[in-house]
Amino acid sequence: MSRPDKIRLAMAQINVVVGDLEGNARKIIDWIGKGRDAGADIVTFPELALTGYPPEDLLLKPQFVKANLEALETVAAATEGTTVIVGFVDRRDDIYNAAAILHDGRVAGVYHKTYLPNYGVFDEFRYFHTGKLSPIIQMGEARIGISICEDIWYPDGPVVNQAMGGGAEVLINISSSPYHAGKRSWREQMLRTRAADNAAIVAYSNLVGGQDELVFDGDSMVVDADGNIVARGPQFEEAMVVADLDLNGVFRRRLRDPRRRQQGNGSGSATIVSVPTPSEEKNALGPSSIPPALCEEDEIYRALVLGTRDYVVKNRFEKVVLGLSGGIDSALTAAIAVDALGGENVIGVLMPSQFSSEGSVTDSEVLGESLGIRLITLPISTMVAAYRGGLEETFGDRPPDVAEENIQARVRGNLVMALSNKFGWLVLSTGNKSEISTGYCTLYGDMAGGFAVINDVMKTTVYRLAERLNRNAGSERIPRAIIDKPPSAELRPDQKDIDSLPAYDRLDPVLKAYVEDDRSVEEMVEMGFDPEIVRQVVRLVDMSEYKRRQGAPGIKITPRAFGRDRRMPITNRFRG
């Protein structure tokens, strides 16, 4: 056997659809062809690329598992002359989150995921058995370790066994790692550390796309044995990341590393999967372009656009509809929808009442013109009056209160849902995380809808995204008047959000501490927050769980979103 100086790797950072086994297989085969055209020796695909991630309780259907295995055979048949690594569900005595090593039309080997995450949005212990073996691909004398997502986040385990015990010079990790703001730098630091600690090239091959509440950002990368990033894919878009892996560089690095001599460099108990030595005759690659890092606002905005587009398109909707109130939340939601789907596929509905300011209507009209969307105006005053008239006898002489205010929100919810039923449009709700956290929203009113685009975006972040959107556009895509006006639900005369809630610049830090960081009342007071605000916020958050449980799904962009991440009981008397 000969030792190749370099191996050409092509990482297919693709967007698949959960459950679309035939469609995913066709896409994988198409991208295998692109990798072959690039002269790749190995083409990789993300974790569970064949089934889509996460498949959830589809995994409890034997027929689904069987169909996935049949789709794998279809993909394997397309691997003539190429080694392919693709994520699928393996079935033995149980089922496994697995990576298939395909070559020349057959399944040459299989790796089973060792570390199964069961925290946050992950429930892998619910479905999968833990893997035990760490197979290594042998290309001539070169050795390549395979792992799946969580396996590489640990400083020990299969990755170290493959590098230190099995002599793997390249560590390929196929992943479906969901996005949240700030994760990119954390992930990058971890991968740099794994590469340097193991004196090995780390190739991280990640999924891209939206799946219900989750967004996968791609950002696949190759890190050399010194911890330097030598190739990287873009965030939030499909790409083929091609790199020549310098095995001689690994050898030089390891000559200066005594750890391997102390631990041995044999295959240990690892299974060896042999594939032919790659050809040295390849066209030279040009310098790898590494996309510049996005600022946090651009990163979040692109995640929201991708998550919205994929939710709408993958669920076979063509158009979306949303209520436009003249406020910042509905304006930002509309802008995201336009960037996701095109202005011709977004309908904004103005539903003024007797309490709507003239500016709210005219600002919404300016917004509609700026974004290039269709506007429909449906005044609600007559409908609200009829609704209240029907309740007048039952309400008796009780003074008007939030019940009458919420009738307006519920009439609006009914109208947008009627448009949805008649025309098949998906309703986008427009509530932000600050409102949804505190229950400052109307169940069956402004919460009505099929998808809640910004329900994990705090109000202060909504303003940041709007400002950044306009700065990037060099124009007022969101009119300045909408950004500058005091936020108001406009359900009673001169109503302002600060009548019911602390100012958002004071509210949002408390919400982050309580909702996302699980700080206690005492801890938050010690952090310097106003004790009265802390107690008010905790009470509002805890009392509103029943509302959130009935809300539409939305896009996760923080480390701890409601729903999949934060799962609190509705019936609950613990406070603080």
# chains A, B, ... in the order shown; residues from 1 in each chain; ligands from 1

$ residues_around --residues "A:Met447" --least-positions-apart "5" --cutoff "8 Å" --atoms "only C-alpha atoms" --output "list in words"
Gly413, Ser429, Thr430, Gly431, Cys441, Thr442, Gly551 and Ala552 of chain A

$ residues_around --residues "stretch 294-300 of chain A" --least-positions-apart "4" --cutoff "9 Å" --atoms "only C-alpha atoms" --output "number ranges by chain"
A: 180-182, 235-236, 304-305, 461, 464-465, 468-469, 557

$ write_last_selection --atoms "N, CA and C atoms" --output "mmCIF file, in the first residue's frame"
data_model
loop_
_atom_site.group_PDB
_atom_site.id
_atom_site.type_symbol
_atom_site.label_atom_id
_atom_site.label_comp_id
_atom_site.auth_asym_id
_atom_site.auth_seq_id
_atom_site.Cartn_x
_atom_site.Cartn_y
_atom_site.Cartn_z
ATOM 1 N N HIS A 180 -27.997 28.600 16.979
ATOM 2 C CA HIS A 180 -28.503 29.694 17.804
ATOM 3 C C HIS A 180 -27.437 30.775 17.818
ATOM 4 N N ALA A 181 -27.825 31.992 18.103
ATOM 5 C CA ALA A 181 -26.896 33.113 18.068
ATOM 6 C C ALA A 181 -25.732 32.854 19.033
ATOM 7 N N GLY A 182 -24.517 33.057 18.548
ATOM 8 C CA GLY A 182 -23.327 32.869 19.362
ATOM 9 C C GLY A 182 -22.712 31.488 19.273
ATOM 10 N N GLN A 235 -22.718 30.252 5.727
ATOM 11 C CA GLN A 235 -23.835 29.991 6.627
ATOM 12 C C GLN A 235 -25.160 30.146 5.866
ATOM 13 N N PHE A 236 -26.099 29.287 6.176
ATOM 14 C CA PHE A 236 -27.492 29.403 5.745
ATOM 15 C C PHE A 236 -27.693 29.205 4.235
ATOM 16 N N LEU A 304 -33.632 33.669 10.393
ATOM 17 C CA LEU A 304 -35.080 33.857 10.355
ATOM 18 C C LEU A 304 -35.615 33.729 8.930
ATOM 19 N N VAL A 305 -34.881 34.260 7.972
ATOM 20 C CA VAL A 305 -35.301 34.159 6.575
ATOM 21 C C VAL A 305 -35.302 32.701 6.122
ATOM 22 N N THR A 461 -33.982 43.190 20.450
ATOM 23 C CA THR A 461 -33.327 42.618 19.266
ATOM 24 C C THR A 461 -34.132 42.923 18.009
ATOM 25 N N ARG A 464 -32.909 46.147 16.848
ATOM 26 C CA ARG A 464 -31.567 46.009 16.264
ATOM 27 C C ARG A 464 -31.635 45.440 14.855
ATOM 28 N N LEU A 465 -32.483 44.436 14.651
ATOM 29 C CA LEU A 465 -32.601 43.824 13.331
ATOM 30 C C LEU A 465 -33.193 44.810 12.325
ATOM 31 N N ARG A 468 -30.496 47.339 11.370
ATOM 32 C CA ARG A 468 -29.483 46.714 10.518
ATOM 33 C C ARG A 468 -30.035 46.455 9.115
ATOM 34 N N LEU A 469 -31.291 46.055 9.029
ATOM 35 C CA LEU A 469 -31.926 45.801 7.736
ATOM 36 C C LEU A 469 -31.904 47.075 6.890
ATOM 37 N N ILE A 557 -33.693 31.015 17.812
ATOM 38 C CA ILE A 557 -32.442 31.735 17.540
ATOM 39 C C ILE A 557 -31.657 32.030 18.817
#

$ select_by_dssp --residues "stretch 40-173 of chain A" --states "helix (DSSP H, G or I)" --output "number ranges by chain"
A: 56-60, 62-76, 124-126, 149-153, 158-165

$ write_last_selection --atoms "N, CA and C atoms" --output "short mmCIF file (atom, residue, chain, number, x, y, z; two decimals), in the first residue's frame"
data_model
loop_
_atom_site.label_atom_id
_atom_site.label_comp_id
_atom_site.auth_asym_id
_atom_site.auth_seq_id
_atom_site.Cartn_x
_atom_site.Cartn_y
_atom_site.Cartn_z
N GLU A 56 -37.72 12.50 14.60
CA GLU A 56 -38.62 12.33 15.75
C GLU A 56 -39.34 10.98 15.70
N ASP A 57 -40.65 10.98 15.94
CA ASP A 57 -41.34 9.69 16.12
C ASP A 57 -41.57 8.93 14.81
N LEU A 58 -41.13 9.46 13.68
CA LEU A 58 -41.06 8.63 12.48
C LEU A 58 -40.16 7.42 12.73
N LEU A 59 -39.21 7.60 13.65
CA LEU A 59 -38.28 6.52 13.97
C LEU A 59 -38.96 5.36 14.68
N LEU A 60 -40.15 5.57 15.18
CA LEU A 60 -40.88 4.50 15.84
C LEU A 60 -41.73 3.69 14.86
N PRO A 62 -41.60 1.06 12.02
CA PRO A 62 -40.71 0.11 11.35
C PRO A 62 -40.65 0.32 9.84
N GLN A 63 -41.76 0.70 9.25
CA GLN A 63 -41.79 0.88 7.80
C GLN A 63 -40.92 2.06 7.36
N PHE A 64 -40.80 3.06 8.23
CA PHE A 64 -39.94 4.20 7.91
C PHE A 64 -38.47 3.79 7.95
N VAL A 65 -38.11 3.03 8.97
CA VAL A 65 -36.73 2.55 9.08
C VAL A 65 -36.38 1.68 7.87
N LYS A 66 -37.30 0.80 7.49
CA LYS A 66 -37.07 -0.07 6.34
C LYS A 66 -36.90 0.76 5.06
N ALA A 67 -37.77 1.74 4.86
CA ALA A 67 -37.69 2.56 3.65
C ALA A 67 -36.37 3.34 3.59
N ASN A 68 -35.88 3.76 4.74
CA ASN A 68 -34.60 4.47 4.79
C ASN A 68 -33.45 3.55 4.38
N LEU A 69 -33.51 2.29 4.78
CA LEU A 69 -32.47 1.33 4.39
C LEU A 69 -32.52 1.05 2.88
N GLU A 70 -33.73 1.00 2.33
CA GLU A 70 -33.86 0.81 0.89
C GLU A 70 -33.31 2.02 0.13
N ALA A 71 -33.56 3.22 0.66
CA ALA A 71 -33.03 4.43 0.03
C ALA A 71 -31.50 4.45 0.09
N LEU A 72 -30.94 3.91 1.18
CA LEU A 72 -29.48 3.85 1.29
C LEU A 72 -28.90 2.97 0.19
N GLU A 73 -29.56 1.86 -0.12
CA GLU A 73 -29.08 0.99 -1.19
C GLU A 73 -29.10 1.72 -2.53
N THR A 74 -30.12 2.55 -2.74
CA THR A 74 -30.18 3.35 -3.97
C THR A 74 -29.00 4.31 -4.06
N VAL A 75 -28.69 4.95 -2.94
CA VAL A 75 -27.54 5.87 -2.92
C VAL A 75 -26.24 5.10 -3.13
N ALA A 76 -26.10 3.97 -2.47
CA ALA A 76 -24.87 3.18 -2.59
C ALA A 76 -24.59 2.81 -4.03
N GLU A 124 -32.37 12.10 21.67
CA GLU A 124 -31.89 10.93 20.95
C GLU A 124 -31.94 9.65 21.78
N PHE A 125 -31.92 9.75 23.10
CA PHE A 125 -32.07 8.55 23.91
C PHE A 125 -33.48 7.95 23.76
N ARG A 126 -34.40 8.75 23.34
CA ARG A 126 -35.77 8.25 23.12
C ARG A 126 -35.80 7.25 21.97
N CYS A 149 -21.68 14.20 14.88
CA CYS A 149 -22.12 15.35 15.66
C CYS A 149 -21.60 15.36 17.10
N GLU A 150 -22.43 14.97 18.05
CA GLU A 150 -22.09 15.07 19.48
C GLU A 150 -20.79 14.38 19.83
N ASP A 151 -20.40 13.36 19.07
CA ASP A 151 -19.19 12.60 19.37
C ASP A 151 -17.95 13.47 19.44
N ILE A 152 -17.93 14.56 18.66
CA ILE A 152 -16.72 15.37 18.62
C ILE A 152 -16.72 16.48 19.66
N TRP A 153 -17.86 16.68 20.33
CA TRP A 153 -17.93 17.73 21.35
C TRP A 153 -17.25 17.30 22.65
N PRO A 158 -14.78 8.43 20.90
CA PRO A 158 -14.40 7.82 19.63
C PRO A 158 -13.38 8.63 18.84
N VAL A 159 -13.44 9.95 18.90
CA VAL A 159 -12.51 10.77 18.13
C VAL A 159 -11.09 10.56 18.60
N VAL A 160 -10.88 10.57 19.93
CA VAL A 160 -9.54 10.34 20.48
C VAL A 160 -9.10 8.90 20.20
N ASN A 161 -10.01 7.95 20.34
CA ASN A 161 -9.65 6.56 20.05
C ASN A 161 -9.19 6.38 18.61
N GLN A 162 -9.89 7.04 17.69
CA GLN A 162 -9.52 6.92 16.29
C GLN A 162 -8.18 7.57 16.00
N ALA A 163 -7.94 8.75 16.61
CA ALA A 163 -6.70 9.47 16.32
C ALA A 163 -5.51 8.88 17.06
N MET A 164 -5.67 8.65 18.35
CA MET A 164 -4.54 8.19 19.17
C MET A 164 -4.35 6.68 19.09
N GLY A 165 -5.44 5.93 19.22
CA GLY A 165 -5.32 4.48 19.20
C GLY A 165 -5.33 3.88 17.81
#

$ residues_around --residues "stretch 509-523 of chain A" --least-positions-apart "2" --cutoff "10 Å" --atoms "only C-alpha atoms" --output "CSV table (one decimal) with N, CA, C and O atoms, in the first residue's frame"
chain,number,residue,atom,x,y,z
A,433,LYS,N,-40.5,37.7,21.5
A,433,LYS,CA,-40.3,36.8,22.7
A,433,LYS,C,-40.6,37.6,24.0
A,433,LYS,O,-41.0,37.0,25.0
A,434,SER,N,-40.4,38.9,24.0
A,434,SER,CA,-40.7,39.7,25.2
A,434,SER,C,-42.2,39.6,25.5
A,434,SER,O,-42.6,39.4,26.7
A,437,SER,N,-43.2,35.9,26.4
A,437,SER,CA,-42.7,35.6,27.7
A,437,SER,C,-43.7,36.0,28.8
A,437,SER,O,-44.0,35.3,29.8
A,438,THR,N,-44.1,37.3,28.7
A,438,THR,CA,-44.9,37.9,29.7
A,438,THR,C,-46.4,37.7,29.5
A,438,THR,O,-47.2,38.2,30.4
A,458,MET,N,-36.2,38.8,21.2
A,458,MET,CA,-36.6,39.8,22.2
A,458,MET,C,-36.9,41.1,21.5
A,458,MET,O,-36.4,41.4,20.4
A,460,THR,N,-35.9,44.2,22.1
A,460,THR,CA,-34.8,45.0,21.9
A,460,THR,C,-34.0,44.5,20.6
A,460,THR,O,-33.4,45.3,19.9
A,504,TYR,N,-38.7,48.1,27.6
A,504,TYR,CA,-38.1,46.9,27.0
A,504,TYR,C,-36.6,46.8,27.3
A,504,TYR,O,-36.1,45.7,27.5
A,505,ASP,N,-35.9,47.9,27.4
A,505,ASP,CA,-34.5,47.8,27.7
A,505,ASP,C,-34.3,47.4,29.2
A,505,ASP,O,-33.1,47.0,29.5
A,506,ARG,N,-35.3,47.5,30.0
A,506,ARG,CA,-35.2,47.0,31.4
A,506,ARG,C,-35.8,45.6,31.5
A,506,ARG,O,-35.4,44.7,32.3
A,507,LEU,N,-36.8,45.3,30.7
A,507,LEU,CA,-37.5,44.0,30.7
A,507,LEU,C,-36.7,42.9,30.1
A,507,LEU,O,-36.5,41.8,30.8
A,525,VAL,N,-31.9,39.8,41.7
A,525,VAL,CA,-31.8,41.0,42.6
A,525,VAL,C,-30.3,41.3,42.9
A,525,VAL,O,-29.8,42.5,42.8
A,526,GLU,N,-29.5,40.3,43.2
A,526,GLU,CA,-28.1,40.4,43.4
A,526,GLU,C,-27.4,40.9,42.2
A,526,GLU,O,-26.3,41.6,42.3
A,527,MET,N,-27.9,40.6,41.0
A,527,MET,CA,-27.3,41.1,39.8
A,527,MET,C,-27.5,42.6,39.5
A,527,MET,O,-27.0,43.2,38.6
A,528,GLY,N,-28.4,43.2,40.3
A,528,GLY,CA,-28.6,44.6,40.2
A,528,GLY,C,-30.0,45.0,39.6
A,528,GLY,O,-30.3,46.1,39.4
A,529,PHE,N,-30.8,44.0,39.3
A,529,PHE,CA,-32.1,44.3,38.7
A,529,PHE,C,-33.1,44.8,39.8
A,529,PHE,O,-33.0,44.4,41.0
A,530,ASP,N,-34.0,45.6,39.4
A,530,ASP,CA,-35.0,46.2,40.3
A,530,ASP,C,-35.8,45.1,40.9
A,530,ASP,O,-36.5,44.3,40.1
A,531,PRO,N,-35.9,44.9,42.2
A,531,PRO,CA,-36.6,43.8,42.8
A,531,PRO,C,-38.1,43.8,42.4
A,531,PRO,O,-38.7,42.7,42.2
A,533,ILE,N,-39.4,44.9,39.5
A,533,ILE,CA,-39.5,44.4,38.2
A,533,ILE,C,-39.3,42.9,38.1
A,533,ILE,O,-40.0,42.2,37.4
A,534,VAL,N,-38.3,42.4,38.9
A,534,VAL,CA,-38.0,41.0,38.9
A,534,VAL,C,-39.3,40.2,39.3
A,534,VAL,O,-39.6,39.2,38.6
A,535,ARG,N,-39.9,40.6,40.4
A,535,ARG,CA,-41.1,39.9,40.9
A,535,ARG,C,-42.2,40.0,39.9
A,535,ARG,O,-42.9,39.0,39.6
A,537,VAL,N,-42.0,40.3,36.6
A,537,VAL,CA,-41.6,39.5,35.4
A,537,VAL,C,-41.8,38.0,35.7
A,537,VAL,O,-42.3,37.3,34.9
A,538,VAL,N,-41.3,37.6,36.8
A,538,VAL,CA,-41.4,36.2,37.2
A,538,VAL,C,-42.9,35.7,37.2
A,538,VAL,O,-43.2,34.7,36.7
A,541,VAL,N,-44.3,35.6,33.6
A,541,VAL,CA,-43.8,34.5,32.8
A,541,VAL,C,-44.4,33.2,33.3
A,541,VAL,O,-44.9,32.4,32.5
A,542,ASP,N,-44.5,33.0,34.6
A,542,ASP,CA,-45.0,31.7,35.1
A,542,ASP,C,-46.5,31.6,34.8
A,542,ASP,O,-47.0,30.5,34.5
A,558,THR,N,-32.2,31.6,20.0
A,558,THR,CA,-31.5,31.8,21.2
A,558,THR,C,-31.1,30.5,21.8
A,558,THR,O,-31.6,29.4,21.4
A,559,PRO,N,-30.1,30.4,22.8
A,559,PRO,CA,-29.8,29.1,23.3
A,559,PRO,C,-30.9,28.4,24.0
A,559,PRO,O,-30.9,27.2,24.2
A,560,ARG,N,-31.9,29.2,24.5
A,560,ARG,CA,-33.1,28.5,25.2
A,560,ARG,C,-34.4,29.2,24.7
A,560,ARG,O,-34.8,30.2,25.2
A,561,ALA,N,-35.0,28.5,23.8
A,561,ALA,CA,-36.3,29.0,23.2
A,561,ALA,C,-37.4,28.3,24.0
A,561,ALA,O,-37.3,27.2,24.6
A,562,PHE,N,-38.6,28.8,23.9
A,562,PHE,CA,-39.8,28.2,24.5
A,562,PHE,C,-40.1,27.0,23.6
A,562,PHE,O,-39.8,26.9,22.4
A,565,ASP,N,-37.0,23.7,23.9
A,565,ASP,CA,-35.9,23.9,24.8
A,565,ASP,C,-36.4,24.0,26.3
A,565,ASP,O,-36.1,23.2,27.1
A,566,ARG,N,-37.3,25.0,26.5
A,566,ARG,CA,-37.8,25.3,27.8
A,566,ARG,C,-39.2,24.6,28.0
A,566,ARG,O,-40.1,25.1,27.4
A,575,ARG,N,-42.6,29.4,42.4
A,575,ARG,CA,-42.3,30.7,42.0
A,575,ARG,C,-40.9,31.0,42.4
A,575,ARG,O,-40.5,30.9,43.5
A,576,GLY,N,-40.1,31.5,41.4
A,576,GLY,CA,-38.8,32.0,41.7
A,576,GLY,C,-37.7,31.1,41.3
A,576,GLY,O,-36.5,31.4,41.5

$ select_by_dssp --residues "stretch 43-122 of chain A" --states "strand (DSSP E)" --output "list in words"
Val43, Thr44, Thr83, Val84, Ile85, Val86, Gly87, Phe88, Val89, Asp90, Arg91, Ile95, Tyr96, Asn97, Ala98, Ala99, Ala100, Ile101, Leu102, His103, Arg106, Val107, Ala108, Gly109, Val110, Tyr111 and His112 of chain A

$ residues_around --residues "A:Val208" --least-positions-apart "3" --cutoff "7 Å" --atoms "only C-alpha atoms" --output "PyMOL selection string"
chain A and resi 13-15+216-218+236-238

$ residues_around --residues "A:Ile32" --least-positions-apart "6" --cutoff "9 Å" --atoms "only C-alpha atoms" --output "PDB file with N, CA, C and O atoms, in the first residue's frame"
ATOM      1  N   ALA A  10     -14.767  16.448  -0.369  1.00  0.00           N
ATOM      2  CA  ALA A  10     -15.866  17.345  -0.737  1.00  0.00           C
ATOM      3  C   ALA A  10     -16.996  17.153   0.268  1.00  0.00           C
ATOM      4  O   ALA A  10     -17.542  16.054   0.397  1.00  0.00           O
ATOM      5  N   ALA A  12     -20.690  17.990   1.219  1.00  0.00           N
ATOM      6  CA  ALA A  12     -21.948  18.476   0.646  1.00  0.00           C
ATOM      7  C   ALA A  12     -22.822  19.013   1.774  1.00  0.00           C
ATOM      8  O   ALA A  12     -23.407  18.251   2.539  1.00  0.00           O
ATOM      9  N   VAL A  43     -16.712  12.029  -0.475  1.00  0.00           N
ATOM     10  CA  VAL A  43     -17.797  13.004  -0.435  1.00  0.00           C
ATOM     11  C   VAL A  43     -18.606  12.730   0.831  1.00  0.00           C
ATOM     12  O   VAL A  43     -19.019  11.592   1.072  1.00  0.00           O
ATOM     13  N   THR A  44     -18.827  13.754   1.632  1.00  0.00           N
ATOM     14  CA  THR A  44     -19.549  13.574   2.891  1.00  0.00           C
ATOM     15  C   THR A  44     -20.892  14.293   2.862  1.00  0.00           C
ATOM     16  O   THR A  44     -21.060  15.317   2.181  1.00  0.00           O
ATOM     17  N   ALA A  78     -24.897   4.484  -6.545  1.00  0.00           N
ATOM     18  CA  ALA A  78     -24.391   5.632  -7.306  1.00  0.00           C
ATOM     19  C   ALA A  78     -22.980   6.035  -6.905  1.00  0.00           C
ATOM     20  O   ALA A  78     -22.530   7.132  -7.240  1.00  0.00           O
ATOM     21  N   THR A  79     -22.265   5.159  -6.193  1.00  0.00           N
ATOM     22  CA  THR A  79     -20.957   5.543  -5.647  1.00  0.00           C
ATOM     23  C   THR A  79     -19.795   4.907  -6.402  1.00  0.00           C
ATOM     24  O   THR A  79     -18.710   4.738  -5.826  1.00  0.00           O
ATOM     25  N   THR A  82     -16.072   6.183  -6.042  1.00  0.00           N
ATOM     26  CA  THR A  82     -16.073   7.263  -5.046  1.00  0.00           C
ATOM     27  C   THR A  82     -16.409   6.696  -3.676  1.00  0.00           C
ATOM     28  O   THR A  82     -17.219   5.779  -3.555  1.00  0.00           O
ATOM     29  N   VAL A  84     -18.197   7.558  -0.196  1.00  0.00           N
ATOM     30  CA  VAL A  84     -19.223   8.485   0.274  1.00  0.00           C
ATOM     31  C   VAL A  84     -19.564   8.162   1.715  1.00  0.00           C
ATOM     32  O   VAL A  84     -19.693   6.980   2.083  1.00  0.00           O
TER      33      VAL A  84
END

$ residues_around --residues "A:Leu207" --least-positions-apart "6" --cutoff "12 Å" --atoms "only C-alpha atoms" --output "PyMOL selection string"
chain A and resi 11-17+44-50+52-54+86-87+148-149+173-179+214-221+233-240

$ residues_around --residues "A:Leu391" --least-positions-apart "4" --cutoff "12 Å" --atoms "only C-alpha atoms" --output "PyMOL selection string"
chain A and resi 384-387+395-398+400+403-404+407

$ atom_distance --atom1 "atom CA of A:Val230" --atom2 "atom CA of A:Asn248"
15.1 Å

$ atom_distance --atom1 "atom CA of A:Leu419" --atom2 "atom CA of A:Lys314"
20.8 Å

$ atom_distance --atom1 "atom CA of A:Ser381" --atom2 "atom CA of A:Phe423"
24.0 Å

$ closest_residue --among "A:Asp244, A:Gly209, A:Asp401, A:Ala473" --to "A:Ala335" --atoms "only C-alpha atoms"
A:Ala473

$ decode --residues "stretch 208-237 of chain A" --atoms "C-alpha atoms" --output "compact mmCIF listing (two decimals), in the first residue's frame"
# COMPACT_ATOMS: atom_id res chain seq x y z
CA VAL A 208 -28.22 23.51 6.37
CA GLY A 209 -31.91 24.43 6.28
CA GLY A 210 -35.02 24.86 8.40
CA GLN A 211 -37.02 22.11 10.08
CA ASP A 212 -40.02 23.30 12.08
CA GLU A 213 -38.53 25.40 14.91
CA LEU A 214 -34.91 24.53 14.12
CA VAL A 215 -32.52 26.15 11.67
CA PHE A 216 -29.24 24.53 10.63
CA ASP A 217 -26.63 26.99 9.51
CA GLY A 218 -24.16 24.85 7.56
CA ASP A 219 -20.80 26.54 8.26
CA SER A 220 -18.97 23.29 7.44
CA MET A 221 -15.22 23.61 7.89
CA VAL A 222 -11.85 21.90 7.60
CA VAL A 223 -9.32 22.52 10.38
CA ASP A 224 -5.69 21.46 9.96
CA ALA A 225 -3.63 19.66 12.59
CA ASP A 226 -2.39 22.96 14.01
CA GLY A 227 -5.94 24.20 14.58
CA ASN A 228 -6.11 26.55 11.57
CA ILE A 229 -9.25 26.76 9.45
CA VAL A 230 -8.25 25.99 5.86
CA ALA A 231 -11.68 25.72 4.22
CA ARG A 232 -15.17 26.78 5.23
CA GLY A 233 -18.68 26.80 3.83
CA PRO A 234 -21.12 29.71 4.02
CA GLN A 235 -23.83 29.99 6.63
CA PHE A 236 -27.49 29.40 5.74
CA GLU A 237 -27.02 28.18 2.17
